[in-house]
file input33.cif (mmCIF, N, CA and C atoms, pLDDT in the B column; chains and numbers go by the auth columns)
data_protein
loop_
_atom_site.group_PDB
_atom_site.id
_atom_site.type_symbol
_atom_site.label_atom_id
_atom_site.label_comp_id
_atom_site.label_asym_id
_atom_site.label_seq_id
_atom_site.Cartn_x
_atom_site.Cartn_y
_atom_site.Cartn_z
_atom_site.B_iso_or_equiv
_atom_site.auth_seq_id
_atom_site.auth_asym_id
ATOM 1 N N MET A 1 20.324 9.934 -1.845 53.00 1 X
ATOM 2 C CA MET A 1 19.665 11.113 -1.287 53.00 1 X
ATOM 3 C C MET A 1 18.523 10.673 -0.383 53.00 1 X
ATOM 4 N N GLU A 2 18.557 11.137 0.838 68.00 2 X
ATOM 5 C CA GLU A 2 17.520 10.794 1.807 68.00 2 X
ATOM 6 C C GLU A 2 16.256 11.622 1.568 68.00 2 X
ATOM 7 N N MET A 3 15.126 11.001 1.752 75.00 3 X
ATOM 8 C CA MET A 3 13.871 11.736 1.647 75.00 3 X
ATOM 9 C C MET A 3 13.602 12.417 2.983 75.00 3 X
ATOM 10 N N GLU A 4 13.051 13.594 2.927 91.00 4 X
ATOM 11 C CA GLU A 4 12.680 14.323 4.130 91.00 4 X
ATOM 12 C C GLU A 4 11.421 13.704 4.726 91.00 4 X
ATOM 13 N N ALA A 5 11.221 13.937 6.025 90.00 5 X
ATOM 14 C CA ALA A 5 10.078 13.362 6.735 90.00 5 X
ATOM 15 C C ALA A 5 8.753 13.752 6.090 90.00 5 X
ATOM 16 N N GLU A 6 8.633 14.997 5.661 93.00 6 X
ATOM 17 C CA GLU A 6 7.381 15.448 5.040 93.00 6 X
ATOM 18 C C GLU A 6 7.133 14.738 3.710 93.00 6 X
ATOM 19 N N GLU A 7 8.196 14.511 2.950 95.00 7 X
ATOM 20 C CA GLU A 7 8.066 13.784 1.686 95.00 7 X
ATOM 21 C C GLU A 7 7.622 12.346 1.950 95.00 7 X
ATOM 22 N N ILE A 8 8.194 11.744 2.971 95.00 8 X
ATOM 23 C CA ILE A 8 7.833 10.364 3.333 95.00 8 X
ATOM 24 C C ILE A 8 6.367 10.297 3.750 95.00 8 X
ATOM 25 N N LYS A 9 5.944 11.250 4.570 96.00 9 X
ATOM 26 C CA LYS A 9 4.540 11.271 5.017 96.00 9 X
ATOM 27 C C LYS A 9 3.583 11.440 3.845 96.00 9 X
ATOM 28 N N LEU A 10 3.966 12.301 2.902 97.00 10 X
ATOM 29 C CA LEU A 10 3.131 12.516 1.712 97.00 10 X
ATOM 30 C C LEU A 10 3.037 11.239 0.886 97.00 10 X
ATOM 31 N N LEU A 11 4.168 10.568 0.698 97.00 11 X
ATOM 32 C CA LEU A 11 4.183 9.316 -0.062 97.00 11 X
ATOM 33 C C LEU A 11 3.369 8.230 0.646 97.00 11 X
ATOM 34 N N ILE A 12 3.493 8.151 1.971 97.00 12 X
ATOM 35 C CA ILE A 12 2.702 7.184 2.750 97.00 12 X
ATOM 36 C C ILE A 12 1.217 7.446 2.539 97.00 12 X
ATOM 37 N N ASN A 13 0.838 8.719 2.564 98.00 13 X
ATOM 38 C CA ASN A 13 -0.567 9.076 2.371 98.00 13 X
ATOM 39 C C ASN A 13 -1.061 8.646 0.989 98.00 13 X
ATOM 40 N N GLU A 14 -0.260 8.913 -0.048 98.00 14 X
ATOM 41 C CA GLU A 14 -0.634 8.529 -1.411 98.00 14 X
ATOM 42 C C GLU A 14 -0.761 7.010 -1.545 98.00 14 X
ATOM 43 N N LEU A 15 0.206 6.291 -0.984 98.00 15 X
ATOM 44 C CA LEU A 15 0.168 4.831 -1.066 98.00 15 X
ATOM 45 C C LEU A 15 -1.008 4.260 -0.276 98.00 15 X
ATOM 46 N N SER A 16 -1.318 4.879 0.857 98.00 16 X
ATOM 47 C CA SER A 16 -2.457 4.428 1.663 98.00 16 X
ATOM 48 C C SER A 16 -3.769 4.613 0.913 98.00 16 X
ATOM 49 N N LEU A 17 -3.878 5.731 0.198 98.00 17 X
ATOM 50 C CA LEU A 17 -5.086 5.960 -0.609 98.00 17 X
ATOM 51 C C LEU A 17 -5.217 4.909 -1.709 98.00 17 X
ATOM 52 N N GLU A 18 -4.105 4.626 -2.372 98.00 18 X
ATOM 53 C CA GLU A 18 -4.119 3.605 -3.424 98.00 18 X
ATOM 54 C C GLU A 18 -4.467 2.234 -2.833 98.00 18 X
ATOM 55 N N HIS A 19 -3.911 1.939 -1.665 98.00 19 X
ATOM 56 C CA HIS A 19 -4.192 0.670 -0.971 98.00 19 X
ATOM 57 C C HIS A 19 -5.694 0.549 -0.694 98.00 19 X
ATOM 58 N N GLY A 20 -6.285 1.635 -0.204 98.00 20 X
ATOM 59 C CA GLY A 20 -7.724 1.639 0.074 98.00 20 X
ATOM 60 C C GLY A 20 -8.553 1.485 -1.187 98.00 20 X
ATOM 61 N N ASP A 21 -8.132 2.152 -2.261 98.00 21 X
ATOM 62 C CA ASP A 21 -8.851 2.043 -3.535 98.00 21 X
ATOM 63 C C ASP A 21 -8.816 0.607 -4.064 98.00 21 X
ATOM 64 N N ILE A 22 -7.652 -0.019 -3.966 98.00 22 X
ATOM 65 C CA ILE A 22 -7.526 -1.407 -4.422 98.00 22 X
ATOM 66 C C ILE A 22 -8.385 -2.322 -3.559 98.00 22 X
ATOM 67 N N ASP A 23 -8.397 -2.074 -2.256 97.00 23 X
ATOM 68 C CA ASP A 23 -9.227 -2.877 -1.354 97.00 23 X
ATOM 69 C C ASP A 23 -10.703 -2.765 -1.735 97.00 23 X
ATOM 70 N N ASP A 24 -11.152 -1.543 -2.018 97.00 24 X
ATOM 71 C CA ASP A 24 -12.541 -1.331 -2.449 97.00 24 X
ATOM 72 C C ASP A 24 -12.824 -2.053 -3.769 97.00 24 X
ATOM 73 N N ALA A 25 -11.879 -1.979 -4.706 96.00 25 X
ATOM 74 C CA ALA A 25 -12.059 -2.632 -6.002 96.00 25 X
ATOM 75 C C ALA A 25 -12.119 -4.150 -5.847 96.00 25 X
ATOM 76 N N ILE A 26 -11.297 -4.692 -4.962 96.00 26 X
ATOM 77 C CA ILE A 26 -11.310 -6.142 -4.709 96.00 26 X
ATOM 78 C C ILE A 26 -12.656 -6.567 -4.143 96.00 26 X
ATOM 79 N N LYS A 27 -13.147 -5.806 -3.181 95.00 27 X
ATOM 80 C CA LYS A 27 -14.452 -6.133 -2.582 95.00 27 X
ATOM 81 C C LYS A 27 -15.565 -6.089 -3.624 95.00 27 X
ATOM 82 N N LEU A 28 -15.513 -5.080 -4.494 94.00 28 X
ATOM 83 C CA LEU A 28 -16.524 -4.955 -5.548 94.00 28 X
ATOM 84 C C LEU A 28 -16.420 -6.110 -6.532 94.00 28 X
ATOM 85 N N MET A 29 -15.189 -6.460 -6.893 92.00 29 X
ATOM 86 C CA MET A 29 -14.965 -7.569 -7.826 92.00 29 X
ATOM 87 C C MET A 29 -15.530 -8.877 -7.288 92.00 29 X
ATOM 88 N N GLN A 30 -15.380 -9.084 -5.989 91.00 30 X
ATOM 89 C CA GLN A 30 -15.805 -10.341 -5.385 91.00 30 X
ATOM 90 C C GLN A 30 -17.325 -10.479 -5.340 91.00 30 X
ATOM 91 N N THR A 31 -18.051 -9.374 -5.546 92.00 31 X
ATOM 92 C CA THR A 31 -19.508 -9.450 -5.563 92.00 31 X
ATOM 93 C C THR A 31 -20.049 -9.721 -6.970 92.00 31 X
ATOM 94 N N ALA A 32 -19.170 -9.621 -7.973 89.00 32 X
ATOM 95 C CA ALA A 32 -19.587 -9.840 -9.358 89.00 32 X
ATOM 96 C C ALA A 32 -19.877 -11.324 -9.590 89.00 32 X
ATOM 97 N N PRO A 33 -20.826 -11.609 -10.478 87.00 33 X
ATOM 98 C CA PRO A 33 -21.161 -13.013 -10.739 87.00 33 X
ATOM 99 C C PRO A 33 -20.004 -13.799 -11.379 87.00 33 X
ATOM 100 N N PHE A 34 -19.219 -13.136 -12.197 90.00 34 X
ATOM 101 C CA PHE A 34 -18.069 -13.786 -12.825 90.00 34 X
ATOM 102 C C PHE A 34 -16.817 -13.026 -12.411 90.00 34 X
ATOM 103 N N ILE A 35 -15.901 -13.715 -11.755 89.00 35 X
ATOM 104 C CA ILE A 35 -14.693 -13.083 -11.242 89.00 35 X
ATOM 105 C C ILE A 35 -13.492 -13.478 -12.094 89.00 35 X
ATOM 106 N N ASP A 36 -12.740 -12.482 -12.503 92.00 36 X
ATOM 107 C CA ASP A 36 -11.482 -12.723 -13.217 92.00 36 X
ATOM 108 C C ASP A 36 -10.437 -13.045 -12.143 92.00 36 X
ATOM 109 N N GLN A 37 -10.193 -14.325 -11.946 93.00 37 X
ATOM 110 C CA GLN A 37 -9.304 -14.764 -10.866 93.00 37 X
ATOM 111 C C GLN A 37 -7.885 -14.229 -11.022 93.00 37 X
ATOM 112 N N LEU A 38 -7.405 -14.146 -12.248 95.00 38 X
ATOM 113 C CA LEU A 38 -6.054 -13.640 -12.481 95.00 38 X
ATOM 114 C C LEU A 38 -5.958 -12.167 -12.090 95.00 38 X
ATOM 115 N N GLN A 39 -6.926 -11.387 -12.510 95.00 39 X
ATOM 116 C CA GLN A 39 -6.944 -9.960 -12.162 95.00 39 X
ATOM 117 C C GLN A 39 -7.067 -9.783 -10.652 95.00 39 X
ATOM 118 N N LEU A 40 -7.907 -10.587 -10.024 95.00 40 X
ATOM 119 C CA LEU A 40 -8.086 -10.518 -8.574 95.00 40 X
ATOM 120 C C LEU A 40 -6.778 -10.830 -7.852 95.00 40 X
ATOM 121 N N LYS A 41 -6.091 -11.856 -8.322 96.00 41 X
ATOM 122 C CA LYS A 41 -4.811 -12.245 -7.728 96.00 41 X
ATOM 123 C C LYS A 41 -3.774 -11.126 -7.876 96.00 41 X
ATOM 124 N N ARG A 42 -3.736 -10.507 -9.046 97.00 42 X
ATOM 125 C CA ARG A 42 -2.801 -9.393 -9.276 97.00 42 X
ATOM 126 C C ARG A 42 -3.106 -8.217 -8.355 97.00 42 X
ATOM 127 N N MET A 43 -4.372 -7.926 -8.191 97.00 43 X
ATOM 128 C CA MET A 43 -4.760 -6.809 -7.332 97.00 43 X
ATOM 129 C C MET A 43 -4.382 -7.089 -5.870 97.00 43 X
ATOM 130 N N LYS A 44 -4.573 -8.315 -5.442 97.00 44 X
ATOM 131 C CA LYS A 44 -4.220 -8.674 -4.067 97.00 44 X
ATOM 132 C C LYS A 44 -2.709 -8.582 -3.850 97.00 44 X
ATOM 133 N N LYS A 45 -1.932 -9.001 -4.846 98.00 45 X
ATOM 134 C CA LYS A 45 -0.465 -8.896 -4.744 98.00 45 X
ATOM 135 C C LYS A 45 -0.040 -7.437 -4.694 98.00 45 X
ATOM 136 N N ARG A 46 -0.656 -6.607 -5.521 98.00 46 X
ATOM 137 C CA ARG A 46 -0.340 -5.173 -5.523 98.00 46 X
ATOM 138 C C ARG A 46 -0.671 -4.562 -4.162 98.00 46 X
ATOM 139 N N LYS A 47 -1.793 -4.959 -3.610 98.00 47 X
ATOM 140 C CA LYS A 47 -2.211 -4.453 -2.300 98.00 47 X
ATOM 141 C C LYS A 47 -1.182 -4.835 -1.228 98.00 47 X
ATOM 142 N N LEU A 48 -0.679 -6.061 -1.275 98.00 48 X
ATOM 143 C CA LEU A 48 0.334 -6.498 -0.314 98.00 48 X
ATOM 144 C C LEU A 48 1.649 -5.744 -0.496 98.00 48 X
ATOM 145 N N ARG A 49 2.036 -5.513 -1.762 98.00 49 X
ATOM 146 C CA ARG A 49 3.270 -4.749 -2.011 98.00 49 X
ATOM 147 C C ARG A 49 3.148 -3.327 -1.472 98.00 49 X
ATOM 148 N N LEU A 50 1.974 -2.730 -1.646 98.00 50 X
ATOM 149 C CA LEU A 50 1.746 -1.388 -1.119 98.00 50 X
ATOM 150 C C LEU A 50 1.848 -1.379 0.404 98.00 50 X
ATOM 151 N N LYS A 51 1.264 -2.395 1.022 98.00 51 X
ATOM 152 C CA LYS A 51 1.313 -2.489 2.489 98.00 51 X
ATOM 153 C C LYS A 51 2.758 -2.588 2.969 98.00 51 X
ATOM 154 N N ASP A 52 3.557 -3.402 2.287 98.00 52 X
ATOM 155 C CA ASP A 52 4.969 -3.553 2.646 98.00 52 X
ATOM 156 C C ASP A 52 5.735 -2.242 2.445 98.00 52 X
ATOM 157 N N GLU A 53 5.445 -1.560 1.347 97.00 53 X
ATOM 158 C CA GLU A 53 6.126 -0.300 1.061 97.00 53 X
ATOM 159 C C GLU A 53 5.756 0.766 2.101 97.00 53 X
ATOM 160 N N ILE A 54 4.493 0.789 2.489 97.00 54 X
ATOM 161 C CA ILE A 54 4.043 1.727 3.521 97.00 54 X
ATOM 162 C C ILE A 54 4.764 1.443 4.839 97.00 54 X
ATOM 163 N N ALA A 55 4.858 0.174 5.212 97.00 55 X
ATOM 164 C CA ALA A 55 5.535 -0.205 6.456 97.00 55 X
ATOM 165 C C ALA A 55 7.011 0.198 6.421 97.00 55 X
ATOM 166 N N LEU A 56 7.655 0.016 5.272 96.00 56 X
ATOM 167 C CA LEU A 56 9.063 0.397 5.132 96.00 56 X
ATOM 168 C C LEU A 56 9.234 1.904 5.295 96.00 56 X
ATOM 169 N N LEU A 57 8.368 2.674 4.661 95.00 57 X
ATOM 170 C CA LEU A 57 8.443 4.128 4.767 95.00 57 X
ATOM 171 C C LEU A 57 8.162 4.591 6.197 95.00 57 X
ATOM 172 N N GLU A 58 7.181 3.961 6.843 95.00 58 X
ATOM 173 C CA GLU A 58 6.880 4.323 8.229 95.00 58 X
ATOM 174 C C GLU A 58 8.070 4.045 9.143 95.00 58 X
ATOM 175 N N SER A 59 8.798 2.970 8.857 93.00 59 X
ATOM 176 C CA SER A 59 9.967 2.652 9.678 93.00 59 X
ATOM 177 C C SER A 59 11.064 3.707 9.508 93.00 59 X
ATOM 178 N N LYS A 60 11.096 4.368 8.357 90.00 60 X
ATOM 179 C CA LYS A 60 12.082 5.423 8.129 90.00 60 X
ATOM 180 C C LYS A 60 11.782 6.674 8.953 90.00 60 X
ATOM 181 N N LEU A 61 10.531 6.812 9.380 90.00 61 X
ATOM 182 C CA LEU A 61 10.136 7.968 10.187 90.00 61 X
ATOM 183 C C LEU A 61 10.525 7.792 11.655 90.00 61 X
ATOM 184 N N ILE A 62 10.819 6.563 12.055 86.00 62 X
ATOM 185 C CA ILE A 62 11.197 6.281 13.439 86.00 62 X
ATOM 186 C C ILE A 62 12.689 6.548 13.586 86.00 62 X
ATOM 187 N N PRO A 63 13.048 7.451 14.504 81.00 63 X
ATOM 188 C CA PRO A 63 14.482 7.757 14.654 81.00 63 X
ATOM 189 C C PRO A 63 15.257 6.543 15.185 81.00 63 X
ATOM 190 N N ASP A 64 16.511 6.431 14.728 74.00 64 X
ATOM 191 C CA ASP A 64 17.382 5.361 15.194 74.00 64 X
ATOM 192 C C ASP A 64 17.780 5.649 16.643 74.00 64 X
ATOM 193 N N ILE A 65 17.813 4.590 17.439 74.00 65 X
ATOM 194 C CA ILE A 65 18.244 4.702 18.833 74.00 65 X
ATOM 195 C C ILE A 65 19.681 4.202 18.916 74.00 65 X
ATOM 196 N N GLU A 66 20.543 5.077 19.367 70.00 66 X
ATOM 197 C CA GLU A 66 21.941 4.682 19.488 70.00 66 X
ATOM 198 C C GLU A 66 22.170 3.965 20.810 70.00 66 X
ATOM 199 N N ALA A 67 22.880 2.842 20.739 59.00 67 X
ATOM 200 C CA ALA A 67 23.137 2.063 21.948 59.00 67 X
ATOM 201 C C ALA A 67 24.446 2.461 22.571 59.00 67 X
#
call {"tool": "encode", "arguments": {"input": "input33.cif", "output": "structure tokens"}}
result
Amino acid sequence: MEMEAEEIKLLINELSLEHGDIDDAIKLMQTAPFIDQLQLKRMKKRKLRLKDEIALLESKLIPDIEA
């Protein structure tokens, strides 16, 4: 089942918000005197996965060009 454009846009918005929240949390974590390196690494990986998922969804919004 294909997702409609509006559903995709809504999901992109939600993922973008989560991406921003994780980015803020990473920045805050890095200012702490003691950093949990494992947690930081997990958060960075999650942030990258979100970025990839957002890019994939955005590509679905671009209409296919027939040759």
call {"tool": "resolve_selection", "arguments": {"input": "input33.cif", "expression": "the PyMOL selection byres ((chain X and resi 5-11) around 8)", "output": "list in words"}}
result
Glu2, Met3, Glu4, Ile12, Asn13, Glu14, Leu15, Ser16, Leu17, Glu53, Ile54, Leu57, Glu58, Lys60 and Leu61 of chain X
call {"tool": "residues_around", "arguments": {"input": "input33.cif", "residues": "Ile26 of chain X", "least_positions_apart": "6", "cutoff": "8 Å", "atoms": "only C-alpha atoms", "output": "list in words"}}
result
Leu40, Met43 and Lys44 of chain X
call {"tool": "atom_distance", "arguments": {"input": "input33.cif", "atom1": "atom CA of Glu18 of chain X", "atom2": "atom CA of Leu50 of chain X"}}
result
8.0 Å
call {"tool": "axis_aligned_box", "arguments": {"input": "input33.cif", "around": "segment 37-44 of chain X", "padding_each_side": "5 Å", "output": "AutoDock Vina command-line options"}}
result
--center_x -6.5 --center_y -10.8 --center_z -8.2 --size_x 17.5 --size_y 18.0 --size_z 18.7
call {"tool": "atom_distance", "arguments": {"input": "input33.cif", "atom1": "atom CA of Arg42 of chain X", "atom2": "atom CA of Ile22 of chain X"}}
result
10.5 Å
call {"tool": "select_by_dssp", "arguments": {"input": "input33.cif", "residues": "chain X", "states": "helix (DSSP H, G or I)", "output": "VMD selection string"}}
result
chain X and resid 5 to 31 37 to 61
call {"tool": "decode", "arguments": {"input": "input33.cif", "residues": "chain X", "atoms": "C-alpha atoms", "output": "PDB file, in the first residue's frame"}}
result
ATOM      1  CA  MET X   1       0.000   0.000   0.000  1.00  0.00           C
ATOM      2  CA  GLU X   2       1.426   3.328  -1.079  1.00  0.00           C
ATOM      3  CA  MET X   3       1.448   6.217   1.346  1.00  0.00           C
ATOM      4  CA  GLU X   4      -0.241   9.398   0.205  1.00  0.00           C
ATOM      5  CA  ALA X   5       1.822  12.567  -0.219  1.00  0.00           C
ATOM      6  CA  GLU X   6       0.232  14.200   2.831  1.00  0.00           C
ATOM      7  CA  GLU X   7       1.017  11.162   4.986  1.00  0.00           C
ATOM      8  CA  ILE X   8       4.622  11.236   3.779  1.00  0.00           C
ATOM      9  CA  LYS X   9       4.924  14.955   4.543  1.00  0.00           C
ATOM     10  CA  LEU X  10       3.502  14.410   8.027  1.00  0.00           C
ATOM     11  CA  LEU X  11       5.938  11.561   8.690  1.00  0.00           C
ATOM     12  CA  ILE X  12       8.859  13.657   7.380  1.00  0.00           C
ATOM     13  CA  ASN X  13       7.842  16.436   9.757  1.00  0.00           C
ATOM     14  CA  GLU X  14       7.684  14.050  12.739  1.00  0.00           C
ATOM     15  CA  LEU X  15      11.047  12.495  11.895  1.00  0.00           C
ATOM     16  CA  SER X  16      12.609  15.932  11.399  1.00  0.00           C
ATOM     17  CA  LEU X  17      11.420  16.994  14.846  1.00  0.00           C
ATOM     18  CA  GLU X  18      12.886  13.852  16.391  1.00  0.00           C
ATOM     19  CA  HIS X  19      16.139  14.443  14.465  1.00  0.00           C
ATOM     20  CA  GLY X  20      16.326  17.976  15.878  1.00  0.00           C
ATOM     21  CA  ASP X  21      15.573  16.775  19.406  1.00  0.00           C
ATOM     22  CA  ILE X  22      18.338  14.176  19.201  1.00  0.00           C
ATOM     23  CA  ASP X  23      20.735  16.797  17.842  1.00  0.00           C
ATOM     24  CA  ASP X  24      19.927  19.072  20.799  1.00  0.00           C
ATOM     25  CA  ALA X  25      20.384  16.180  23.244  1.00  0.00           C
ATOM     26  CA  ILE X  26      23.755  15.290  21.697  1.00  0.00           C
ATOM     27  CA  LYS X  27      24.951  18.878  22.003  1.00  0.00           C
ATOM     28  CA  LEU X  28      23.826  19.003  25.635  1.00  0.00           C
ATOM     29  CA  MET X  29      25.483  15.664  26.387  1.00  0.00           C
ATOM     30  CA  GLN X  30      28.777  16.864  24.953  1.00  0.00           C
ATOM     31  CA  THR X  31      28.859  19.766  27.425  1.00  0.00           C
ATOM     32  CA  ALA X  32      28.553  17.432  30.427  1.00  0.00           C
ATOM     33  CA  PRO X  33      31.715  16.759  32.426  1.00  0.00           C
ATOM     34  CA  PHE X  34      31.264  12.991  32.104  1.00  0.00           C
ATOM     35  CA  ILE X  35      30.014  11.674  28.772  1.00  0.00           C
ATOM     36  CA  ASP X  36      28.479   8.244  28.313  1.00  0.00           C
ATOM     37  CA  GLN X  37      30.282   7.399  25.076  1.00  0.00           C
ATOM     38  CA  LEU X  38      28.078   4.397  24.326  1.00  0.00           C
ATOM     39  CA  GLN X  39      24.878   6.409  24.706  1.00  0.00           C
ATOM     40  CA  LEU X  40      26.361   9.219  22.610  1.00  0.00           C
ATOM     41  CA  LYS X  41      27.307   6.767  19.868  1.00  0.00           C
ATOM     42  CA  ARG X  42      23.797   5.265  19.876  1.00  0.00           C
ATOM     43  CA  MET X  43      22.211   8.688  19.635  1.00  0.00           C
ATOM     44  CA  LYS X  44      24.439   9.653  16.713  1.00  0.00           C
ATOM     45  CA  LYS X  45      23.553   6.413  14.889  1.00  0.00           C
ATOM     46  CA  ARG X  46      19.847   7.034  15.492  1.00  0.00           C
ATOM     47  CA  LYS X  47      20.240  10.568  14.162  1.00  0.00           C
ATOM     48  CA  LEU X  48      21.885   9.233  10.981  1.00  0.00           C
ATOM     49  CA  ARG X  49      19.155   6.611  10.504  1.00  0.00           C
ATOM     50  CA  LEU X  50      16.526   9.331  10.826  1.00  0.00           C
ATOM     51  CA  LYS X  51      18.344  11.460   8.261  1.00  0.00           C
ATOM     52  CA  ASP X  52      18.435   8.525   5.831  1.00  0.00           C
ATOM     53  CA  GLU X  53      14.760   7.756   6.409  1.00  0.00           C
ATOM     54  CA  ILE X  54      13.828  11.402   5.832  1.00  0.00           C
ATOM     55  CA  ALA X  55      15.813  11.447   2.571  1.00  0.00           C
ATOM     56  CA  LEU X  56      14.085   8.249   1.410  1.00  0.00           C
ATOM     57  CA  LEU X  57      10.641   9.669   2.157  1.00  0.00           C
ATOM     58  CA  GLU X  58      11.497  12.952   0.437  1.00  0.00           C
ATOM     59  CA  SER X  59      12.548  11.017  -2.657  1.00  0.00           C
ATOM     60  CA  LYS X  60       9.087   9.411  -2.716  1.00  0.00           C
ATOM     61  CA  LEU X  61       7.556  12.881  -3.055  1.00  0.00           C
ATOM     62  CA  ILE X  62       9.478  13.510  -6.289  1.00  0.00           C
ATOM     63  CA  PRO X  63       7.451  12.286  -9.262  1.00  0.00           C
ATOM     64  CA  ASP X  64       9.071   9.715 -11.544  1.00  0.00           C
ATOM     65  CA  ILE X  65      10.141  11.048 -14.934  1.00  0.00           C
ATOM     66  CA  GLU X  66       9.323   8.712 -17.758  1.00  0.00           C
ATOM     67  CA  ALA X  67      11.948   8.473 -20.476  1.00  0.00           C
TER      68      ALA X  67
END
